[in-house]
Amino acid sequence: MKEFRADLHIHTCLSPCADLEMSPQNIVREAKRKGLEVIGICDHNSAENVPAVEKNARKEGIGVIGGMEVTSKEEVHILALFDVEDKLFSLQEIVYDQLNGTNDERLYGEQVVVNENEEVVGFNRKLLIGASEITLTRLVDLIHERNGLAIASHVDREGFGIIGQLGFIPPGLPLDALEITDPSKKGGIPRNESLPFVTSSDAHNLADVGKRYTSFLMNGISIDELRRCLHGDEGREVRI
């Protein structure tokens, strides 16, 4: 087995709150400079820039886990992570159908869709910063039905974290892990002890890429291997 350094929560220029410098080539270049071997691309409620990042990352030998940071009806952020694009875009179709509103670039910023050559191919007009109509329980089920991982985002923050929004983690909610932005705070997070922690950058600018990362001891880069790490199967480990 090999130890892989992974930052599983990075936004691109598609997220309205991210810097426009967060282009596929720039993200991959910065990830390589920081020594990352796996990156997760998780824009708000959309995955349209995942293929462009993946094409650039492949040239540099960096693994990409495609995803979205979906906002549930309860305004809880959940990372939905996949290694099969068809399943990722199947979830995106449902999210789009359950996402109301139109983006106001003057208020929220541009939502730029690009290709692997840094060329702008369009602007997403949906209100990606908004909450979907998908309940938290249904969202986790939709992710698992597609063999994805469901990780509660930045649980140590008030805004859009599951504990900050609800006050607790619902018993029986089958999350795969909890993301924490500051590992020193994990002792103060109330949780089911079976839920492991991961840490990641939630980068919206290049300087923050790789600022936090999780090391996974596993046999390769895949959702199944990440899941087995989270379960501690056969010597696999998660290190934060």
# chains A, B, ... in the order shown; residues from 1 in each chain; ligands from 1
call {"tool": "closest_atom_pairs", "arguments": {"of": "stretch 196-224 of chain A", "to": "stretch 148-161 of chain A", "cutoff": "10 Å", "atoms": "only C-alpha atoms", "output": "CSV"}}
result
residue,atom,partner,partner_atom,distance
A:Pro196,CA,A:Ile151,CA,9.8
A:Phe197,CA,A:Ile151,CA,9.2
A:Val198,CA,A:Ile151,CA,8.8
A:Thr199,CA,A:His154,CA,8.4
A:Ser200,CA,A:His154,CA,8.7
A:Ser201,CA,A:His154,CA,9.5
A:Asp202,CA,A:His154,CA,8.2
A:Ile223,CA,A:Gly148,CA,6.9
A:Asp224,CA,A:Gly148,CA,8.8
call {"tool": "residues_around", "arguments": {"residues": "stretch 186-195 of chain A", "least_positions_apart": "3", "cutoff": "8 Å", "atoms": "only C-alpha atoms", "output": "list in words"}}
result
Val155, Asp156, Phe168, Ile169, Leu175, Asp176, Ala177, Leu178, Ile180, Asp182 and Pro183 of chain A
call {"tool": "residues_around", "arguments": {"residues": "A:Gln98", "least_positions_apart": "4", "cutoff": "12 Å", "atoms": "only C-alpha atoms", "output": "PyMOL selection string"}}
result
chain A and resi 45+70-73+91-94+126-128+130-135+139
call {"tool": "atom_distance", "arguments": {"atom1": "atom CA of A:Gly210", "atom2": "atom CA of A:Cys42"}}
result
14.1 Å
call {"tool": "closest_residue", "arguments": {"among": "A:Lys59, A:Ala80, A:Gly172, A:Ile27", "to": "A:Val140", "atoms": "only C-alpha atoms"}}
result
A:Ala80
call {"tool": "closest_residue", "arguments": {"among": "A:Ile65, A:Glu37, A:Pro16, A:Glu116", "to": "A:Val53", "atoms": "only C-alpha atoms"}}
result
A:Glu116
call {"tool": "residues_around", "arguments": {"residues": "A:Leu81", "least_positions_apart": "2", "cutoff": "10 Å", "atoms": "only C-alpha atoms", "output": "list of chain:residue names"}}
result
A:Leu8, A:His9, A:Gly40, A:Ile41, A:Cys42, A:Ile65, A:Gly66, A:Gly67, A:Met68, A:Glu69, A:Ile78, A:Leu79, A:Asp83, A:Val84, A:Lys87, A:Leu88, A:Ile143, A:His144, A:Arg146, A:Asn147, A:Gly148, A:Leu149, A:Ala150, A:Ile151, A:Ile223
call {"tool": "closest_residue", "arguments": {"among": "A:Glu74, A:Glu145, A:Asp7, A:Glu119", "to": "A:Glu30", "atoms": "only C-alpha atoms"}}
result
A:Asp7
